[in-house]
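Below is the file data_16.txt, which contains compact mmCIF, C-alpha atoms and all ligand atoms.
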# COMPACT_ATOMS: atom_id res chain seq x y z
CA MET A 59 9.83 10.93 15.42
CA MET A 60 6.71 8.84 15.16
CA LYS A 61 5.18 6.95 18.04
CA PRO A 62 3.83 3.47 17.51
CA GLN A 63 0.19 3.75 16.82
CA SER A 64 -2.62 1.40 16.02
CA LEU A 65 -5.79 2.55 14.32
CA THR A 66 -8.80 0.40 13.51
CA PHE A 67 -11.55 1.28 11.07
CA THR A 68 -14.79 -0.42 10.13
CA VAL A 69 -15.30 0.13 6.43
CA PRO A 70 -18.75 -0.82 5.13
CA ASP A 71 -18.30 -0.40 1.39
CA GLU A 72 -15.99 0.56 -1.48
CA ALA A 73 -16.81 4.28 -1.28
CA SER A 74 -15.86 4.31 2.41
CA MET A 75 -12.64 2.47 1.57
CA LEU A 76 -11.75 5.21 -0.92
CA ALA A 77 -12.65 7.87 1.66
CA LEU A 78 -10.46 6.20 4.27
CA GLY A 79 -7.48 7.09 2.09
CA GLU A 80 -8.05 10.73 2.90
CA GLN A 81 -8.06 10.06 6.64
CA LEU A 82 -4.90 8.01 6.41
CA MET A 83 -3.02 10.81 4.65
CA ALA A 84 -2.47 12.37 8.07
CA TYR A 85 -0.33 9.34 8.96
CA LEU A 86 1.75 9.24 5.79
CA ARG A 87 5.20 10.81 5.93
CA PRO A 88 7.67 10.10 3.16
CA PRO A 89 9.84 8.10 3.13
CA GLN A 90 7.66 5.19 4.17
CA LEU A 91 7.12 1.59 3.19
CA ILE A 92 3.51 0.54 3.72
CA CYS A 93 2.83 -3.20 3.59
CA LEU A 94 -0.75 -4.25 2.87
CA HIS A 95 -1.91 -7.62 4.15
CA GLY A 96 -5.14 -9.45 3.42
CA GLU A 97 -6.66 -12.01 1.11
CA LEU A 98 -7.43 -11.57 -2.58
CA GLY A 99 -10.31 -9.18 -3.14
CA VAL A 100 -10.25 -7.73 0.38
CA GLY A 101 -9.67 -4.16 -0.81
CA LYS A 102 -5.92 -3.49 -0.72
CA THR A 103 -5.84 -1.90 -4.17
CA THR A 104 -9.01 0.06 -3.41
CA LEU A 105 -7.38 1.59 -0.34
CA VAL A 106 -4.26 2.59 -2.29
CA ARG A 107 -6.56 4.10 -4.95
CA GLY A 108 -8.22 6.18 -2.24
CA ILE A 109 -4.86 7.34 -0.90
CA LEU A 110 -3.62 8.29 -4.37
CA ARG A 111 -6.77 10.29 -5.03
CA ALA A 112 -6.36 12.04 -1.69
CA LEU A 113 -2.78 12.85 -2.68
CA GLY A 114 -4.11 14.55 -5.81
CA TRP A 115 -3.66 11.86 -8.44
CA GLN A 116 -6.42 12.37 -10.98
CA GLY A 117 -5.64 9.57 -13.39
CA HIS A 118 -6.48 5.91 -13.42
CA VAL A 119 -5.14 3.69 -10.64
CA LYS A 120 -4.91 0.18 -11.94
CA SER A 121 -3.97 -2.91 -10.01
CA PRO A 122 -0.27 -3.73 -10.38
CA THR A 123 -1.07 -7.47 -10.33
CA PHE A 124 0.37 -8.04 -13.81
CA THR A 125 2.95 -5.26 -13.98
CA VAL A 126 4.28 -5.81 -10.40
CA VAL A 127 4.71 -2.06 -10.01
CA GLU A 128 2.75 1.05 -10.97
CA PRO A 129 4.63 4.32 -10.36
CA TYR A 130 2.93 7.68 -9.75
CA ASP A 131 4.80 10.94 -10.11
CA LEU A 132 3.14 13.53 -7.89
CA GLY A 133 5.83 16.17 -8.28
CA ALA A 134 7.40 16.45 -4.86
CA LEU A 135 6.27 12.94 -4.03
CA GLN A 136 6.84 9.62 -5.76
CA VAL A 137 4.42 6.81 -5.08
CA TYR A 138 5.16 3.21 -6.02
CA HIS A 139 2.35 0.68 -5.79
CA LEU A 140 3.53 -2.92 -5.93
CA ASP A 141 1.66 -6.21 -6.00
CA LEU A 142 3.96 -9.19 -5.46
CA TYR A 143 1.25 -11.84 -5.74
CA ARG A 144 2.55 -13.16 -9.04
CA LEU A 145 6.22 -12.74 -8.26
CA THR A 146 8.07 -15.93 -9.14
CA SER A 147 11.43 -14.99 -7.70
CA ALA A 148 12.75 -12.22 -5.51
CA ASP A 149 15.25 -11.41 -8.29
CA GLU A 150 12.37 -9.85 -10.21
CA LEU A 151 12.32 -7.06 -7.66
CA GLU A 152 15.93 -6.23 -8.35
CA PHE A 153 15.19 -6.41 -12.06
CA ILE A 154 12.40 -3.81 -11.83
CA GLY A 155 14.80 -1.56 -9.92
CA ILE A 156 13.24 -1.62 -6.47
CA ARG A 157 16.35 -0.15 -4.86
CA ASP A 158 15.76 3.09 -6.75
CA TYR A 159 12.28 3.48 -5.28
CA PHE A 160 13.57 4.14 -1.80
CA THR A 161 14.26 7.88 -1.74
CA GLN A 162 13.47 10.61 0.79
CA HIS A 163 10.42 11.54 -1.28
CA SER A 164 8.72 8.23 -1.78
CA LEU A 165 5.80 6.28 -0.43
CA ILE A 166 5.95 2.61 -1.33
CA PHE A 167 2.81 0.48 -1.01
CA VAL A 168 3.27 -3.27 -1.27
CA GLU A 169 0.50 -5.83 -1.61
CA TRP A 170 1.58 -9.42 -0.79
CA PRO A 171 4.89 -8.40 0.84
CA SER A 172 5.15 -11.97 2.17
CA ARG A 173 6.25 -13.01 -1.34
CA ALA A 174 9.57 -11.18 -0.95
CA LEU A 175 10.10 -10.24 2.68
CA GLN A 176 13.82 -10.97 2.49
CA CYS A 177 14.17 -8.27 -0.19
CA LEU A 178 12.22 -5.56 1.57
CA PRO A 179 13.28 -3.35 4.46
CA ALA A 180 11.10 -3.48 7.58
CA ALA A 181 7.75 -1.83 6.97
CA ASP A 182 7.04 1.57 8.51
CA VAL A 183 3.33 0.81 8.41
CA ASN A 184 1.58 -2.55 8.34
CA CYS A 185 -2.01 -2.44 7.15
CA TYR A 186 -4.18 -5.49 7.75
CA ILE A 187 -7.52 -5.75 5.99
CA ASP A 188 -10.04 -8.41 6.96
CA MET A 189 -13.35 -9.46 5.48
CA GLN A 190 -16.37 -8.84 7.70
CA ALA A 191 -19.95 -9.98 7.29
CA HIS A 192 -20.64 -6.49 5.96
CA GLY A 193 -17.62 -4.69 4.59
CA ARG A 194 -14.07 -4.80 5.91
CA GLU A 195 -12.00 -4.07 8.98
CA VAL A 196 -8.81 -2.10 8.38
CA ARG A 197 -6.01 -1.97 10.94
CA TRP A 198 -3.24 0.55 10.38
CA LEU A 199 -0.18 -0.12 12.54
CA ILE A 200 2.56 2.49 12.56
CA LYS A 201 5.96 1.40 13.81
CA ALA A 202 7.99 3.43 16.24
CA HIS A 203 11.17 4.96 14.83
N1 LIG A 301 -14.76 -1.80 2.48
C1 LIG A 301 -15.24 -2.52 1.47
N2 LIG A 301 -16.43 -3.17 1.61
C2 LIG A 301 -16.91 -3.92 0.61
N3 LIG A 301 -16.30 -4.12 -0.58
C3 LIG A 301 -15.13 -3.50 -0.78
C4 LIG A 301 -14.54 -2.69 0.23
N4 LIG A 301 -13.37 -2.22 -0.24
C5 LIG A 301 -13.22 -2.72 -1.48
N5 LIG A 301 -14.28 -3.49 -1.82
C6 LIG A 301 -14.46 -4.23 -3.06
O1 LIG A 301 -13.61 -5.38 -3.03
C7 LIG A 301 -13.22 -5.72 -4.35
C8 LIG A 301 -11.75 -6.09 -4.46
O2 LIG A 301 -10.96 -4.98 -4.14
P1 LIG A 301 -9.41 -4.87 -4.45
O3 LIG A 301 -9.03 -3.54 -3.91
O4 LIG A 301 -9.11 -5.15 -5.86
O5 LIG A 301 -8.81 -6.06 -3.55
P2 LIG A 301 -7.31 -6.57 -3.38
O6 LIG A 301 -6.37 -5.55 -3.94
O7 LIG A 301 -7.14 -6.76 -1.90
O8 LIG A 301 -7.24 -7.89 -4.11
C9 LIG A 301 -13.61 -4.57 -5.25
O9 LIG A 301 -14.69 -4.97 -6.02
C10 LIG A 301 -14.04 -3.47 -4.28
O10 LIG A 301 -15.12 -2.76 -4.79
MG MG A 302 -4.87 -5.71 -5.32
Target encoding structure tokens, full file:
Amino acid sequence: MMKPQSLTFTVPDEASMLALGEQLMAYLRPPQLICLHGELGVGKTTLVRGILRALGWQGHVKSPTFTVVEPYDLGALQVYHLDLYRLTSADELEFIGIRDYFTQHSLIFVEWPSRALQCLPAADVNCYIDMQAHGREVRWLIKAH
């Protein structure tokens, strides 16, 4: 049982964005769908990169902008990182097998969820990232279950 919770962070630079991933691990409980909101270049992929590193992923974390999805097998945990920015139709999600991503052992991060909201279940976490004069503001909103 998770209570609704709202956390706000001021994140001055890229290194701090990566480090925030470690802090946010405490709030990640598979299975969860985490929707990431914010304009192009605001740091959504950077935050997911930080979370994946904190989860123990040692390889490269590339933006799924062109591939739509990048999967990460962390043994007991499956992470799927999606970017729907270039999605032309919601059918593409079915085509890449999105239904199979939702298991008891998965964390699913979605950039630009607004492109296919009708095809996604309600998010467990909504993360809003906003540009600031110096750095970014990150809001992490956990839904009640
Ligand atoms: N907190 C931050 N402050 C300043 N720059 C940041 C921050 N987080 C990420 N960046 C930079 O923003 C740029 C775009 O990040 P990216 O994660 O690709 O954005 P998005 O996935 O939202 O399009 C990168 O060059 C990254 O270094
Ligand atoms: Mg991105």
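Omitting Gly193 in chain A and its sequence neighbours fewer than 3 positions away, and counting only C-alpha atoms, the residues within 7 Å are Val69, Pro70, Asp71, Met189 and Gln190 of chain A.
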Between CA of Lys120 in chain A and CA of Glu152 in chain A, distance in Å (one decimal):
22.1 Å
Please extract the residues at most 9 Å from ligand LIG 301 (chain A), counting all atoms listed in the file, and provide them as a PyMOL selection string, using the chain letters and residue numbers of this document.
chain A and resi 68-76+94-107+121+123+141+169+187+189-190+192-196
Using only C-alpha atoms and all ligand atoms, find the one residue out of A:Asp149, A:Asp182, A:Glu128, A:Asp158 that sits nearest to ligand MG 302 (chain A).
A:Glu128
In Å to one decimal, how far is CA of Ser172 in chain A from CA of Phe160 in chain A?
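A separation of 18.6 Å between them.
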List the spatial neighbours of Gly117 in chain A as a JSON list (two decimals) with C-alpha atoms, in the frame of the given file - criterion: any atom at most 10 Å away, all atoms listed in the file, same-chain residues fewer than 6 positions off excluded.
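Printed below is part15.json as written:
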[["chain", "number", "residue", "atom", "x", "y", "z"],
["A", 110, "LEU", "CA", -3.62, 8.29, -4.37],
["A", 111, "ARG", "CA", -6.77, 10.29, -5.03],
["A", 130, "TYR", "CA", 2.93, 7.68, -9.75]]
How would you write as a list in words the residues that get within 7 Å of (-7.2, 12.3, 2.0) in the file's frame, counting all atoms listed in the file?
Gly79, Glu80, Gln81, Leu82, Met83, Ile109, Ala112 and Leu113 of chain A
Residue selection dump (C-alpha atoms) as a short mmCIF file (atom, residue, chain, number, x, y, z; two decimals), in the frame of the given file:
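Output below, filename selection.cif:
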data_model
loop_
_atom_site.label_atom_id
_atom_site.label_comp_id
_atom_site.auth_asym_id
_atom_site.auth_seq_id
_atom_site.Cartn_x
_atom_site.Cartn_y
_atom_site.Cartn_z
CA GLY A 79 -7.48 7.09 2.09
CA GLU A 80 -8.05 10.73 2.90
CA GLN A 81 -8.06 10.06 6.64
CA LEU A 82 -4.90 8.01 6.41
CA MET A 83 -3.02 10.81 4.65
CA ILE A 109 -4.86 7.34 -0.90
CA ALA A 112 -6.36 12.04 -1.69
CA LEU A 113 -2.78 12.85 -2.68
#
Just to confirm, what's the straight-line distance from CA of Val119 in chain A to CA of Ile92 in chain A in Å (one decimal)?
17.1 Å
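Across A:Leu175, A:Gly133, A:Tyr85, A:Leu165, the tightest approach to Pro62 in chain A is made by A:Tyr85 when counting all atoms listed in the file.
Proximity ranking of A:Ile200, A:Val127, A:Val168, A:Ala134 relative to Phe153 in chain A places A:Val127 first, based on only C-alpha atoms.
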Which one of A:Val126, A:Leu65, A:Leu86, A:Leu132 sits closest to ligand MG 302 (chain A) if you count only C-alpha atoms and all ligand atoms?
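The closest residue to ligand MG 302 (chain A) is A:Val126.
Across A:His139, A:His163, A:Arg87, A:Arg157, the tightest approach to ligand MG 302 (chain A) is made by A:His139 when counting all atoms listed in the file.
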Using only C-alpha atoms and all ligand atoms, find the one residue out of A:Thr161, A:Asn184, A:Gln63, A:Thr125 that sits nearest to ligand MG 302 (chain A).
A:Thr125
Quick one: residues within 9 Å of Ile166 in chain A, only C-alpha atoms, excluding same-chain residues fewer than 6 positions away - as an MDAnalysis selection string?
chainID A and resid 88:93 136:140 159:160
